[in-house]
$ cat target_0.cif   # mmCIF, C-alpha atoms; chains and numbers go by the auth columns
data_protein
loop_
_atom_site.group_PDB
_atom_site.id
_atom_site.type_symbol
_atom_site.label_atom_id
_atom_site.label_comp_id
_atom_site.label_asym_id
_atom_site.label_seq_id
_atom_site.Cartn_x
_atom_site.Cartn_y
_atom_site.Cartn_z
_atom_site.B_iso_or_equiv
_atom_site.auth_seq_id
_atom_site.auth_asym_id
ATOM 1 C CA MET A 1 6.882 -58.443 76.232 0.00 1 P
ATOM 2 C CA LEU A 2 5.974 -61.977 77.271 0.00 2 P
ATOM 3 C CA LEU A 3 2.600 -61.716 75.557 0.00 3 P
ATOM 4 C CA GLY A 4 4.150 -60.274 72.392 0.00 4 P
ATOM 5 C CA LYS A 5 6.813 -62.957 72.241 0.00 5 P
ATOM 6 C CA GLY A 6 4.629 -65.809 73.403 0.00 6 P
ATOM 7 C CA GLY A 7 7.482 -66.647 75.742 0.00 7 P
ATOM 8 C CA VAL A 8 10.577 -65.121 77.311 0.00 8 P
ATOM 9 C CA PRO A 9 12.022 -62.294 75.151 0.00 9 P
ATOM 10 C CA GLY A 10 15.692 -62.021 74.289 0.00 10 P
ATOM 11 C CA ALA A 11 17.954 -60.319 76.826 0.00 11 P
ATOM 12 C CA ARG A 12 19.077 -57.594 74.411 0.00 12 P
ATOM 13 C CA GLU A 13 15.541 -56.642 73.382 0.00 13 P
ATOM 14 C CA CYS A 14 14.329 -56.797 76.961 0.00 14 P
ATOM 15 C CA LEU A 15 17.088 -54.552 78.327 0.00 15 P
ATOM 16 C CA ALA A 16 16.839 -52.036 75.481 0.00 16 P
ATOM 17 C CA CYS A 17 13.063 -51.813 75.817 0.00 17 P
ATOM 18 C CA LEU A 18 13.079 -51.403 79.596 0.00 18 P
ATOM 19 C CA VAL A 19 15.778 -48.720 79.553 0.00 19 P
ATOM 20 C CA ALA A 20 13.985 -46.858 76.760 0.00 20 P
ATOM 21 C CA LEU A 21 10.708 -47.007 78.684 0.00 21 P
ATOM 22 C CA VAL A 22 12.311 -45.685 81.873 0.00 22 P
ATOM 23 C CA LEU A 23 13.908 -42.805 79.962 0.00 23 P
ATOM 24 C CA ALA A 24 10.640 -42.019 78.164 0.00 24 P
ATOM 25 C CA ALA A 25 8.687 -42.058 81.436 0.00 25 P
ATOM 26 C CA ALA A 26 11.230 -39.728 83.025 0.00 26 P
ATOM 27 C CA THR A 27 10.975 -37.468 79.979 0.00 27 P
ATOM 28 C CA ALA A 28 7.197 -37.255 80.289 0.00 28 P
ATOM 29 C CA ALA A 29 7.426 -36.604 84.038 0.00 29 P
ATOM 30 C CA LEU A 30 9.933 -33.770 83.588 0.00 30 P
ATOM 31 C CA ILE A 31 7.947 -32.101 80.830 0.00 31 P
ATOM 32 C CA ASN A 32 4.789 -32.496 82.893 0.00 32 P
ATOM 33 C CA GLY A 33 6.480 -30.788 85.837 0.00 33 P
ATOM 34 C CA VAL A 34 7.587 -27.869 83.672 0.00 34 P
ATOM 35 C CA LEU A 35 4.181 -27.417 82.028 0.00 35 P
ATOM 36 C CA GLU A 36 2.278 -27.621 85.308 0.00 36 P
ATOM 37 C CA ALA A 37 4.592 -25.504 87.453 0.00 37 P
ATOM 38 C CA GLU A 38 2.025 -22.744 87.932 0.00 38 P
ATOM 39 C CA THR A 39 -0.659 -25.252 88.881 0.00 39 P
ATOM 40 C CA ASP A 40 1.584 -27.348 91.138 0.00 40 P
ATOM 41 C CA ILE A 41 2.533 -24.366 93.284 0.00 41 P
ATOM 42 C CA ARG A 42 -1.087 -24.161 94.501 0.00 42 P
ATOM 43 C CA MET A 43 -1.219 -27.851 95.473 0.00 43 P
ATOM 44 C CA ALA A 44 0.199 -28.781 98.886 0.00 44 P
ATOM 45 C CA ARG A 45 1.102 -32.381 97.997 0.00 45 P
ATOM 46 C CA LEU A 46 3.323 -31.277 95.090 0.00 46 P
ATOM 47 C CA GLN A 47 5.529 -28.787 96.913 0.00 47 P
ATOM 48 C CA ARG A 48 8.569 -31.062 96.735 0.00 48 P
ATOM 49 C CA ARG A 49 8.201 -31.209 92.967 0.00 49 P
ATOM 50 C CA VAL A 50 7.887 -27.424 92.845 0.00 50 P
ATOM 51 C CA ALA A 51 11.004 -27.009 94.985 0.00 51 P
ATOM 52 C CA SER A 52 12.957 -29.452 92.807 0.00 52 P
ATOM 53 C CA LEU A 53 12.025 -27.589 89.626 0.00 53 P
ATOM 54 C CA GLU A 54 13.033 -24.275 91.211 0.00 54 P
ATOM 55 C CA ARG A 55 16.463 -25.688 92.065 0.00 55 P
ATOM 56 C CA ILE A 56 17.028 -27.228 88.634 0.00 56 P
ATOM 57 C CA GLY A 57 15.325 -24.618 86.491 0.00 57 P
ATOM 58 C CA ALA A 58 12.801 -25.119 83.705 0.00 58 P
ATOM 59 C CA ILE A 59 15.392 -24.781 80.926 0.00 59 P
ATOM 60 C CA ARG A 60 17.726 -27.411 82.357 0.00 60 P
ATOM 61 C CA ALA A 61 14.802 -29.736 83.102 0.00 61 P
ATOM 62 C CA THR A 62 13.545 -29.417 79.535 0.00 62 P
ATOM 63 C CA GLY A 63 17.037 -30.019 78.174 0.00 63 P
ATOM 64 C CA ALA A 64 17.394 -33.138 80.289 0.00 64 P
ATOM 65 C CA ALA A 65 14.010 -34.369 79.065 0.00 65 P
ATOM 66 C CA VAL A 66 14.946 -33.867 75.420 0.00 66 P
ATOM 67 C CA GLY A 67 18.274 -35.625 75.981 0.00 67 P
ATOM 68 C CA MET A 68 16.679 -38.642 77.653 0.00 68 P
ATOM 69 C CA LEU A 69 14.077 -38.931 74.914 0.00 69 P
ATOM 70 C CA ALA A 70 16.807 -38.805 72.276 0.00 70 P
ATOM 71 C CA VAL A 71 18.683 -41.646 74.002 0.00 71 P
ATOM 72 C CA ALA A 72 15.470 -43.683 74.290 0.00 72 P
ATOM 73 C CA LEU A 73 14.725 -43.285 70.583 0.00 73 P
ATOM 74 C CA ALA A 74 18.340 -44.097 69.713 0.00 74 P
ATOM 75 C CA LEU A 75 18.066 -47.353 71.669 0.00 75 P
ATOM 76 C CA CYS A 76 14.900 -48.202 69.782 0.00 76 P
ATOM 77 C CA ALA A 77 16.553 -47.428 66.452 0.00 77 P
ATOM 78 C CA ALA A 78 19.573 -49.571 67.268 0.00 78 P
ATOM 79 C CA PHE A 79 17.966 -52.623 68.844 0.00 79 P
ATOM 80 C CA LEU A 80 14.189 -52.582 68.390 0.00 80 P
ATOM 81 C CA PRO A 81 11.607 -52.431 65.582 0.00 81 P
ATOM 82 C CA THR A 82 10.557 -49.076 64.150 0.00 82 P
ATOM 83 C CA LEU A 83 7.054 -49.555 65.532 0.00 83 P
ATOM 84 C CA THR A 84 8.467 -49.531 69.064 0.00 84 P
ATOM 85 C CA ALA A 85 10.038 -46.109 68.545 0.00 85 P
ATOM 86 C CA ILE A 86 6.812 -44.735 67.068 0.00 86 P
ATOM 87 C CA LEU A 87 4.736 -45.979 69.995 0.00 87 P
ATOM 88 C CA LEU A 88 7.292 -44.691 72.521 0.00 88 P
ATOM 89 C CA LEU A 89 7.295 -41.212 71.031 0.00 89 P
ATOM 90 C CA SER A 90 3.498 -41.259 70.790 0.00 90 P
ATOM 91 C CA ALA A 91 3.216 -42.073 74.500 0.00 91 P
ATOM 92 C CA VAL A 92 5.419 -39.143 75.515 0.00 92 P
ATOM 93 C CA LEU A 93 3.652 -36.665 73.231 0.00 93 P
ATOM 94 C CA ALA A 94 0.181 -37.885 74.196 0.00 94 P
ATOM 95 C CA TYR A 95 0.919 -37.531 77.908 0.00 95 P
ATOM 96 C CA ALA A 96 3.018 -34.399 78.259 0.00 96 P
ATOM 97 C CA PRO A 97 1.514 -31.833 75.877 0.00 97 P
ATOM 98 C CA LEU A 98 -1.844 -33.389 74.970 0.00 98 P
ATOM 99 C CA TYR A 99 -3.129 -34.736 78.295 0.00 99 P
ATOM 100 C CA THR A 100 -1.415 -32.157 80.510 0.00 100 P
ATOM 101 C CA LEU A 101 -2.432 -29.061 78.551 0.00 101 P
ATOM 102 C CA CYS A 102 -5.756 -30.164 77.041 0.00 102 P
ATOM 103 C CA PHE A 103 -7.673 -33.120 78.442 0.00 103 P
ATOM 104 C CA LYS A 104 -6.748 -32.731 82.105 0.00 104 P
ATOM 105 C CA ARG A 105 -7.646 -29.053 82.330 0.00 105 P
ATOM 106 C CA ARG A 106 -10.823 -29.039 80.264 0.00 106 P
ATOM 107 C CA SER A 107 -12.913 -32.018 81.321 0.00 107 P
ATOM 108 C CA PRO A 108 -13.435 -34.322 84.320 0.00 108 P
ATOM 109 C CA TRP A 109 -13.356 -37.163 81.782 0.00 109 P
ATOM 110 C CA GLY A 110 -9.875 -36.227 80.569 0.00 110 P
ATOM 111 C CA VAL A 111 -8.463 -39.159 82.505 0.00 111 P
ATOM 112 C CA MET A 112 -9.974 -41.549 79.948 0.00 112 P
ATOM 113 C CA PRO A 113 -8.068 -40.389 76.827 0.00 113 P
ATOM 114 C CA GLY A 114 -5.246 -39.519 79.219 0.00 114 P
ATOM 115 C CA GLY A 115 -5.008 -43.217 80.050 0.00 115 P
ATOM 116 C CA ILE A 116 -3.806 -44.035 76.533 0.00 116 P
ATOM 117 C CA PRO A 117 -0.150 -43.041 77.114 0.00 117 P
ATOM 118 C CA GLY A 118 -0.263 -44.936 80.403 0.00 118 P
ATOM 119 C CA ALA A 119 -1.398 -48.079 78.596 0.00 119 P
ATOM 120 C CA LEU A 120 0.898 -47.772 75.566 0.00 120 P
ATOM 121 C CA PRO A 121 3.885 -49.407 77.352 0.00 121 P
ATOM 122 C CA VAL A 122 1.995 -52.698 76.945 0.00 122 P
ATOM 123 C CA LEU A 123 2.059 -52.305 73.170 0.00 123 P
ATOM 124 C CA ILE A 124 5.608 -50.929 73.252 0.00 124 P
ATOM 125 C CA GLY A 125 6.774 -54.083 75.008 0.00 125 P
ATOM 126 C CA ALA A 126 4.807 -56.356 72.682 0.00 126 P
ATOM 127 C CA SER A 127 6.232 -54.698 69.575 0.00 127 P
ATOM 128 C CA ALA A 128 9.761 -54.799 70.979 0.00 128 P
ATOM 129 C CA ALA A 129 9.576 -58.509 71.749 0.00 129 P
ATOM 130 C CA GLY A 130 7.644 -59.772 68.766 0.00 130 P
ATOM 131 C CA GLY A 131 7.826 -57.092 66.115 0.00 131 P
ATOM 132 C CA GLY A 132 4.045 -56.716 65.986 0.00 132 P
ATOM 133 C CA ILE A 133 0.904 -56.423 68.071 0.00 133 P
ATOM 134 C CA THR A 134 -1.491 -59.358 68.401 0.00 134 P
ATOM 135 C CA GLY A 135 -4.777 -59.922 70.231 0.00 135 P
ATOM 136 C CA ALA A 136 -3.405 -60.649 73.714 0.00 136 P
ATOM 137 C CA PRO A 137 -1.335 -57.426 74.035 0.00 137 P
ATOM 138 C CA LEU A 138 -4.289 -55.429 72.734 0.00 138 P
ATOM 139 C CA LEU A 139 -6.466 -57.008 75.408 0.00 139 P
ATOM 140 C CA LEU A 140 -3.928 -56.144 78.098 0.00 140 P
ATOM 141 C CA PHE A 141 -3.848 -52.606 76.664 0.00 141 P
ATOM 142 C CA LEU A 142 -7.622 -52.501 77.257 0.00 142 P
ATOM 143 C CA VAL A 143 -7.124 -53.726 80.816 0.00 143 P
ATOM 144 C CA MET A 144 -4.688 -50.878 81.442 0.00 144 P
ATOM 145 C CA LEU A 145 -7.173 -48.390 80.006 0.00 145 P
ATOM 146 C CA LEU A 146 -9.895 -49.655 82.332 0.00 146 P
ATOM 147 C CA TRP A 147 -7.611 -49.737 85.371 0.00 147 P
ATOM 148 C CA GLN A 148 -6.408 -46.137 85.225 0.00 148 P
ATOM 149 C CA PRO A 149 -9.687 -44.180 85.723 0.00 149 P
ATOM 150 C CA PRO A 150 -10.677 -45.800 89.059 0.00 150 P
ATOM 151 C CA HIS A 151 -7.073 -45.490 90.244 0.00 151 P
ATOM 152 C CA PHE A 152 -7.032 -41.780 89.404 0.00 152 P
ATOM 153 C CA TRP A 153 -10.520 -41.195 90.803 0.00 153 P
ATOM 154 C CA ALA A 154 -9.415 -42.661 94.134 0.00 154 P
ATOM 155 C CA LEU A 155 -6.504 -40.197 94.083 0.00 155 P
ATOM 156 C CA ALA A 156 -8.890 -37.379 93.168 0.00 156 P
ATOM 157 C CA LEU A 157 -11.167 -38.281 96.085 0.00 157 P
ATOM 158 C CA LEU A 158 -8.166 -38.350 98.411 0.00 158 P
ATOM 159 C CA HIS A 159 -6.758 -34.998 97.250 0.00 159 P
ATOM 160 C CA GLN A 160 -9.922 -33.030 96.437 0.00 160 P
ATOM 161 C CA ASP A 161 -8.724 -29.892 98.182 0.00 161 P
ATOM 162 C CA ASP A 162 -5.479 -29.869 96.208 0.00 162 P
ATOM 163 C CA TYR A 163 -7.269 -30.261 92.887 0.00 163 P
ATOM 164 C CA ARG A 164 -9.711 -27.525 93.881 0.00 164 P
ATOM 165 C CA GLN A 165 -6.817 -25.184 94.690 0.00 165 P
ATOM 166 C CA GLY A 166 -5.120 -26.122 91.427 0.00 166 P
ATOM 167 C CA GLY A 167 -8.262 -25.441 89.421 0.00 167 P
ATOM 168 C CA ILE A 168 -8.313 -28.924 87.889 0.00 168 P
ATOM 169 C CA PRO A 169 -11.869 -30.176 87.155 0.00 169 P
ATOM 170 C CA VAL A 170 -11.597 -33.717 88.476 0.00 170 P
ATOM 171 C CA LEU A 171 -14.735 -35.834 88.668 0.00 171 P
ATOM 172 C CA PRO A 172 -15.390 -35.533 92.448 0.00 172 P
ATOM 173 C CA LEU A 173 -15.382 -31.731 92.195 0.00 173 P
ATOM 174 C CA VAL A 174 -17.624 -31.619 89.118 0.00 174 P
ATOM 175 C CA ARG A 175 -20.080 -34.468 89.764 0.00 175 P
ATOM 176 C CA GLY A 176 -19.626 -35.194 93.470 0.00 176 P
ATOM 177 C CA GLU A 177 -18.218 -38.024 95.575 0.00 177 P
ATOM 178 C CA ALA A 178 -21.153 -40.441 95.225 0.00 178 P
ATOM 179 C CA TYR A 179 -21.119 -40.288 91.428 0.00 179 P
ATOM 180 C CA THR A 180 -17.332 -40.721 91.345 0.00 180 P
ATOM 181 C CA LYS A 181 -17.493 -43.780 93.575 0.00 181 P
ATOM 182 C CA ARG A 182 -20.126 -45.413 91.344 0.00 182 P
ATOM 183 C CA CYS A 183 -18.016 -44.751 88.239 0.00 183 P
ATOM 184 C CA ALA A 184 -14.920 -46.195 89.908 0.00 184 P
ATOM 185 C CA LEU A 185 -16.724 -49.396 90.902 0.00 185 P
ATOM 186 C CA LEU A 186 -18.213 -49.742 87.405 0.00 186 P
ATOM 187 C CA PHE A 187 -14.767 -49.592 85.794 0.00 187 P
ATOM 188 C CA ILE A 188 -13.345 -52.049 88.332 0.00 188 P
ATOM 189 C CA ALA A 189 -16.208 -54.436 87.540 0.00 189 P
ATOM 190 C CA MET A 190 -15.383 -54.171 83.819 0.00 190 P
ATOM 191 C CA LEU A 191 -11.816 -55.214 84.609 0.00 191 P
ATOM 192 C CA LEU A 192 -12.966 -58.696 85.598 0.00 192 P
ATOM 193 C CA PRO A 193 -14.075 -59.957 82.167 0.00 193 P
ATOM 194 C CA ALA A 194 -11.370 -57.973 80.342 0.00 194 P
ATOM 195 C CA ALA A 195 -8.515 -59.493 82.349 0.00 195 P
ATOM 196 C CA THR A 196 -9.995 -62.997 82.434 0.00 196 P
ATOM 197 C CA ALA A 197 -10.425 -62.892 78.633 0.00 197 P
ATOM 198 C CA LEU A 198 -6.658 -63.331 78.256 0.00 198 P
ATOM 199 C CA TRP A 199 -7.439 -67.028 78.719 0.00 199 P
ATOM 200 C CA PHE A 200 -9.637 -67.037 75.600 0.00 200 P
ATOM 201 C CA THR A 201 -6.810 -65.655 73.465 0.00 201 P
ATOM 202 C CA GLY A 202 -4.718 -68.695 74.372 0.00 202 P
ATOM 203 C CA ALA A 203 -2.006 -66.477 75.821 0.00 203 P
ATOM 204 C CA CYS A 204 -2.753 -67.520 79.411 0.00 204 P
ATOM 205 C CA SER A 205 -4.018 -70.691 81.017 0.00 205 P
ATOM 206 C CA GLY A 206 -7.232 -71.562 82.808 0.00 206 P
ATOM 207 C CA ARG A 207 -5.369 -71.307 86.096 0.00 207 P
ATOM 208 C CA PHE A 208 -4.596 -67.691 85.302 0.00 208 P
ATOM 209 C CA ALA A 209 -8.249 -67.069 84.451 0.00 209 P
ATOM 210 C CA LEU A 210 -9.296 -68.375 87.871 0.00 210 P
ATOM 211 C CA PHE A 211 -6.574 -66.355 89.598 0.00 211 P
ATOM 212 C CA SER A 212 -7.534 -63.226 87.648 0.00 212 P
ATOM 213 C CA LEU A 213 -11.204 -63.634 88.549 0.00 213 P
ATOM 214 C CA CYS A 214 -10.470 -64.092 92.256 0.00 214 P
ATOM 215 C CA LEU A 215 -8.050 -61.161 92.245 0.00 215 P
ATOM 216 C CA GLY A 216 -10.575 -58.945 90.467 0.00 216 P
ATOM 217 C CA LEU A 217 -13.404 -59.850 92.826 0.00 217 P
ATOM 218 C CA SER A 218 -11.162 -59.109 95.810 0.00 218 P
ATOM 219 C CA TYR A 219 -10.249 -55.752 94.290 0.00 219 P
ATOM 220 C CA LEU A 220 -13.900 -54.918 93.624 0.00 220 P
ATOM 221 C CA PHE A 221 -15.090 -55.895 97.101 0.00 221 P
ATOM 222 C CA GLY A 222 -12.143 -54.199 98.825 0.00 222 P
ATOM 223 C CA SER A 223 -12.609 -51.008 96.812 0.00 223 P
ATOM 224 C CA TYR A 224 -16.324 -50.955 97.640 0.00 224 P
ATOM 225 C CA LEU A 225 -15.564 -51.093 101.356 0.00 225 P
ATOM 226 C CA CYS A 226 -12.831 -48.454 101.098 0.00 226 P
ATOM 227 C CA LEU A 227 -14.922 -46.037 99.044 0.00 227 P
ATOM 228 C CA VAL A 228 -18.003 -46.421 101.219 0.00 228 P
ATOM 229 C CA LYS A 229 -15.970 -45.765 104.375 0.00 229 P
ATOM 230 C CA GLY A 230 -14.002 -42.907 102.806 0.00 230 P
ATOM 231 C CA ARG A 231 -10.665 -44.705 103.080 0.00 231 P
ATOM 232 C CA PHE A 232 -9.429 -43.345 99.791 0.00 232 P
ATOM 233 C CA ARG A 233 -5.725 -43.825 100.471 0.00 233 P
ATOM 234 C CA LEU A 234 -6.314 -47.539 100.986 0.00 234 P
ATOM 235 C CA ALA A 235 -8.365 -47.623 97.766 0.00 235 P
ATOM 236 C CA VAL A 236 -5.321 -46.236 95.893 0.00 236 P
ATOM 237 C CA LEU A 237 -3.114 -48.897 97.464 0.00 237 P
ATOM 238 C CA LEU A 238 -5.561 -51.651 96.499 0.00 238 P
ATOM 239 C CA SER A 239 -5.519 -50.534 92.866 0.00 239 P
ATOM 240 C CA ILE A 240 -1.723 -50.706 92.800 0.00 240 P
ATOM 241 C CA LEU A 241 -1.686 -54.138 94.438 0.00 241 P
ATOM 242 C CA TYR A 242 -4.269 -55.388 91.938 0.00 242 P
ATOM 243 C CA LEU A 243 -2.185 -54.297 88.956 0.00 243 P
ATOM 244 C CA VAL A 244 1.038 -55.726 90.374 0.00 244 P
ATOM 245 C CA GLY A 245 -0.756 -58.990 91.138 0.00 245 P
ATOM 246 C CA LEU A 246 -2.341 -59.235 87.702 0.00 246 P
ATOM 247 C CA LEU A 247 0.867 -58.557 85.760 0.00 247 P
ATOM 248 C CA SER A 248 2.840 -60.888 88.031 0.00 248 P
ATOM 249 C CA GLY A 249 0.230 -63.565 87.410 0.00 249 P
ATOM 250 C CA ILE A 250 0.693 -63.214 83.652 0.00 250 P
ATOM 251 C CA VAL A 251 4.474 -63.518 83.966 0.00 251 P
ATOM 252 C CA ILE A 252 4.284 -66.541 86.255 0.00 252 P
ATOM 253 C CA ASP A 253 1.656 -68.242 84.102 0.00 253 P
ATOM 254 C CA ILE A 254 3.569 -67.863 80.831 0.00 254 P
ATOM 255 C CA CYS A 255 6.963 -68.754 82.337 0.00 255 P
ATOM 256 C CA GLY A 256 5.430 -71.691 84.181 0.00 256 P
ATOM 257 C CA ARG A 257 4.064 -73.141 80.937 0.00 257 P
ATOM 258 C CA ILE A 258 7.415 -72.733 79.203 0.00 258 P
ATOM 259 C CA SER A 259 9.279 -74.375 82.101 0.00 259 P
ATOM 260 C CA PRO A 260 6.616 -76.242 84.093 0.00 260 P
ATOM 261 C CA LEU A 261 6.989 -75.895 87.848 0.00 261 P
ATOM 262 C CA PRO A 262 7.269 -79.139 89.844 0.00 262 P
#
$ encode --input "target_0.cif" --output "structure tokens"
Amino acid sequence: MLLGKGGVPGARECLACLVALVLAAATAALINGVLEAETDIRMARLQRRVASLERIGAIRATGAAVGMLAVALALCAAFLPTLTAILLLSAVLAYAPLYTLCFKRRSPWGVMPGGIPGALPVLIGASAAGGGITGAPLLLFLVMLLWQPPHFWALALLHQDDYRQGGIPVLPLVRGEAYTKRCALLFIAMLLPAATALWFTGACSGRFALFSLCLGLSYLFGSYLCLVKGRFRLAVLLSILYLVGLLSGIVIDICGRISPLP
């Protein structure tokens, strides 16, 4: 939203967009749980989700999902541009039916098109704040696309047995651990120039570029050590910390230029 606005967005737009995104994410999660119930029951780490769905029931869960999506779209219609509603609906549909039923189950590379709904919130926020999508939000969208595969591959390495039991063809099971680790490090390396390029759009400062580069190098080096030593849980944590750090850096950089810090 900050990149789309080129500054701090209005309170009404910000609140409406955030609430709509939360409702849409919950919608996608509920539908995902319903569609993958038969797969989840074979995966040890998802037994709490299975138990929750059994208590609630698939029909009630689906009804709740439809209701939340309707409220999210109503918020968009009332307070946000039409493009925001279109992107929001596209994210839900691309994740729940398309990724869950098609990409995820058919190819170890399904995580790559499956990353699109995970990156669309960037464009949703940009459209909500500024009414359109410019170069900087598109670049951040690319960053999100590049970030998701190594994050998921670290999870896949950590939970290989679960994915094997669930019959999901994740990359470590299809191509092996060594190949998966190389792919993860390659994508992390590509994050460095993609994130730093926000400086060249004029959306972020040179200080952010330096911060982004240092953060990315730390993420790359830390991930290399974790993957080599088989500390996959720590690799997942590092990916989360990197993303939180990068997005926080963007917020601080833009807000700091609007109201310079002493």
$ residues_near_point --input "target_0.cif" --point "(8.9, -42.7, 72.5)" --cutoff "8 Å" --atoms "all atoms listed in the file" --output "PDB file with C-alpha atoms, in the frame of the given file"
ATOM      1  CA  ALA P  20      13.985 -46.858  76.760  1.00  0.00           C
ATOM      2  CA  LEU P  21      10.708 -47.007  78.684  1.00  0.00           C
ATOM      3  CA  ALA P  24      10.640 -42.019  78.164  1.00  0.00           C
ATOM      4  CA  LEU P  69      14.077 -38.931  74.914  1.00  0.00           C
ATOM      5  CA  ALA P  72      15.470 -43.683  74.290  1.00  0.00           C
ATOM      6  CA  LEU P  73      14.725 -43.285  70.583  1.00  0.00           C
ATOM      7  CA  THR P  84       8.467 -49.531  69.064  1.00  0.00           C
ATOM      8  CA  ALA P  85      10.038 -46.109  68.545  1.00  0.00           C
ATOM      9  CA  ILE P  86       6.812 -44.735  67.068  1.00  0.00           C
ATOM     10  CA  LEU P  87       4.736 -45.979  69.995  1.00  0.00           C
ATOM     11  CA  LEU P  88       7.292 -44.691  72.521  1.00  0.00           C
ATOM     12  CA  LEU P  89       7.295 -41.212  71.031  1.00  0.00           C
ATOM     13  CA  SER P  90       3.498 -41.259  70.790  1.00  0.00           C
ATOM     14  CA  ALA P  91       3.216 -42.073  74.500  1.00  0.00           C
ATOM     15  CA  VAL P  92       5.419 -39.143  75.515  1.00  0.00           C
TER      16      VAL P  92
END
$ resolve_selection --input "target_0.cif" --expression "the PyMOL selection byres ((chain P and resi 191-204) around 7)" --output "list in words"
Leu3, Gly135, Ala136, Leu139, Val143, Leu146, Trp147, Phe187, Ile188, Ala189, Met190, Ser205, Gly206, Phe208, Ala209, Ser212, Leu213, Gly216, Ile250, Asp253 and Ile254 of chain P
$ residues_around --input "target_0.cif" --residues "Leu123 (chain P)" --least-positions-apart "3" --cutoff "9 Å" --atoms "all atoms listed in the file" --output "PyMOL selection string"
chain P and resi 1+4+84+87+119-120+126-128+132-133+137-138+140-141
$ resolve_selection --input "target_0.cif" --expression "the PyMOL selection byres ((chain P and resi 105) around 12)" --output "NGL selection string"
:P and (35-36 or 39 or 97-104 or 106-111 or 114 or 163-164 or 166-171)
$ write_last_selection --input "target_0.cif" --atoms "C-alpha atoms" --output "JSON list (two decimals), in the coordinates of the input"
[["chain", "number", "residue", "atom", "x", "y", "z"],
["P", 35, "LEU", "CA", 4.18, -27.42, 82.03],
["P", 36, "GLU", "CA", 2.28, -27.62, 85.31],
["P", 39, "THR", "CA", -0.66, -25.25, 88.88],
["P", 97, "PRO", "CA", 1.51, -31.83, 75.88],
["P", 98, "LEU", "CA", -1.84, -33.39, 74.97],
["P", 99, "TYR", "CA", -3.13, -34.74, 78.30],
["P", 100, "THR", "CA", -1.42, -32.16, 80.51],
["P", 101, "LEU", "CA", -2.43, -29.06, 78.55],
["P", 102, "CYS", "CA", -5.76, -30.16, 77.04],
["P", 103, "PHE", "CA", -7.67, -33.12, 78.44],
["P", 104, "LYS", "CA", -6.75, -32.73, 82.10],
["P", 106, "ARG", "CA", -10.82, -29.04, 80.26],
["P", 107, "SER", "CA", -12.91, -32.02, 81.32],
["P", 108, "PRO", "CA", -13.44, -34.32, 84.32],
["P", 109, "TRP", "CA", -13.36, -37.16, 81.78],
["P", 110, "GLY", "CA", -9.88, -36.23, 80.57],
["P", 111, "VAL", "CA", -8.46, -39.16, 82.50],
["P", 114, "GLY", "CA", -5.25, -39.52, 79.22],
["P", 163, "TYR", "CA", -7.27, -30.26, 92.89],
["P", 164, "ARG", "CA", -9.71, -27.52, 93.88],
["P", 166, "GLY", "CA", -5.12, -26.12, 91.43],
["P", 167, "GLY", "CA", -8.26, -25.44, 89.42],
["P", 168, "ILE", "CA", -8.31, -28.92, 87.89],
["P", 169, "PRO", "CA", -11.87, -30.18, 87.16],
["P", 170, "VAL", "CA", -11.60, -33.72, 88.48],
["P", 171, "LEU", "CA", -14.74, -35.83, 88.67]]
$ atom_distance --input "target_0.cif" --atom1 "CA of Val66 (chain P)" --atom2 "CA of Tyr95 (chain P)"
14.7 Å
$ atom_distance --input "target_0.cif" --atom1 "CA of Arg49 (chain P)" --atom2 "CA of Met144 (chain P)"
26.2 Å
$ residues_around --input "target_0.cif" --residues "Gly115 (chain P)" --least-positions-apart "6" --cutoff "8 Å" --atoms "all atoms listed in the file" --output "ChimeraX atom specification"
/P:144-145,148-149
$ closest_residue --input "target_0.cif" --among "P:Leu247, P:Leu225, P:Ala74, P:Leu173" --to "Ala156 (chain P)" --atoms "only C-alpha atoms"
P:Leu173
$ closest_residue --input "target_0.cif" --among "P:Val19, P:Ala184, P:Ile240, P:Ile59" --to "Leu220 (chain P)" --atoms "only C-alpha atoms"
P:Ala184
$ atom_distance --input "target_0.cif" --atom1 "CA of Lys181 (chain P)" --atom2 "CA of Tyr242 (chain P)"
17.7 Å
$ closest_residue --input "target_0.cif" --among "P:Ala61, P:Cys76, P:Ala129, P:Ile31" --to "Ala96 (chain P)" --atoms "only C-alpha atoms"
P:Ile31
$ residues_around --input "target_0.cif" --residues "Gly222 (chain P)" --least-positions-apart "4" --cutoff "8 Å" --atoms "all atoms listed in the file" --output "PyMOL selection string"
chain P and resi 218+226+235+238
$ residues_around --input "target_0.cif" --residues "Ile41 (chain P)" --least-positions-apart "2" --cutoff "12 Å" --atoms "all atoms listed in the file" --output "mmCIF file with C-alpha atoms, in the coordinates of the input"
data_model
loop_
_atom_site.group_PDB
_atom_site.id
_atom_site.type_symbol
_atom_site.label_atom_id
_atom_site.label_comp_id
_atom_site.auth_asym_id
_atom_site.auth_seq_id
_atom_site.Cartn_x
_atom_site.Cartn_y
_atom_site.Cartn_z
ATOM 1 C CA GLY P 33 6.480 -30.788 85.837
ATOM 2 C CA VAL P 34 7.587 -27.869 83.672
ATOM 3 C CA LEU P 35 4.181 -27.417 82.028
ATOM 4 C CA GLU P 36 2.278 -27.621 85.308
ATOM 5 C CA ALA P 37 4.592 -25.504 87.453
ATOM 6 C CA GLU P 38 2.025 -22.744 87.932
ATOM 7 C CA THR P 39 -0.659 -25.252 88.881
ATOM 8 C CA MET P 43 -1.219 -27.851 95.473
ATOM 9 C CA ALA P 44 0.199 -28.781 98.886
ATOM 10 C CA ARG P 45 1.102 -32.381 97.997
ATOM 11 C CA LEU P 46 3.323 -31.277 95.090
ATOM 12 C CA GLN P 47 5.529 -28.787 96.913
ATOM 13 C CA ARG P 48 8.569 -31.062 96.735
ATOM 14 C CA ARG P 49 8.201 -31.209 92.967
ATOM 15 C CA VAL P 50 7.887 -27.424 92.845
ATOM 16 C CA ALA P 51 11.004 -27.009 94.985
ATOM 17 C CA SER P 52 12.957 -29.452 92.807
ATOM 18 C CA LEU P 53 12.025 -27.589 89.626
ATOM 19 C CA GLU P 54 13.033 -24.275 91.211
ATOM 20 C CA ASP P 162 -5.479 -29.869 96.208
ATOM 21 C CA TYR P 163 -7.269 -30.261 92.887
ATOM 22 C CA GLN P 165 -6.817 -25.184 94.690
ATOM 23 C CA GLY P 166 -5.120 -26.122 91.427
ATOM 24 C CA GLY P 167 -8.262 -25.441 89.421
#
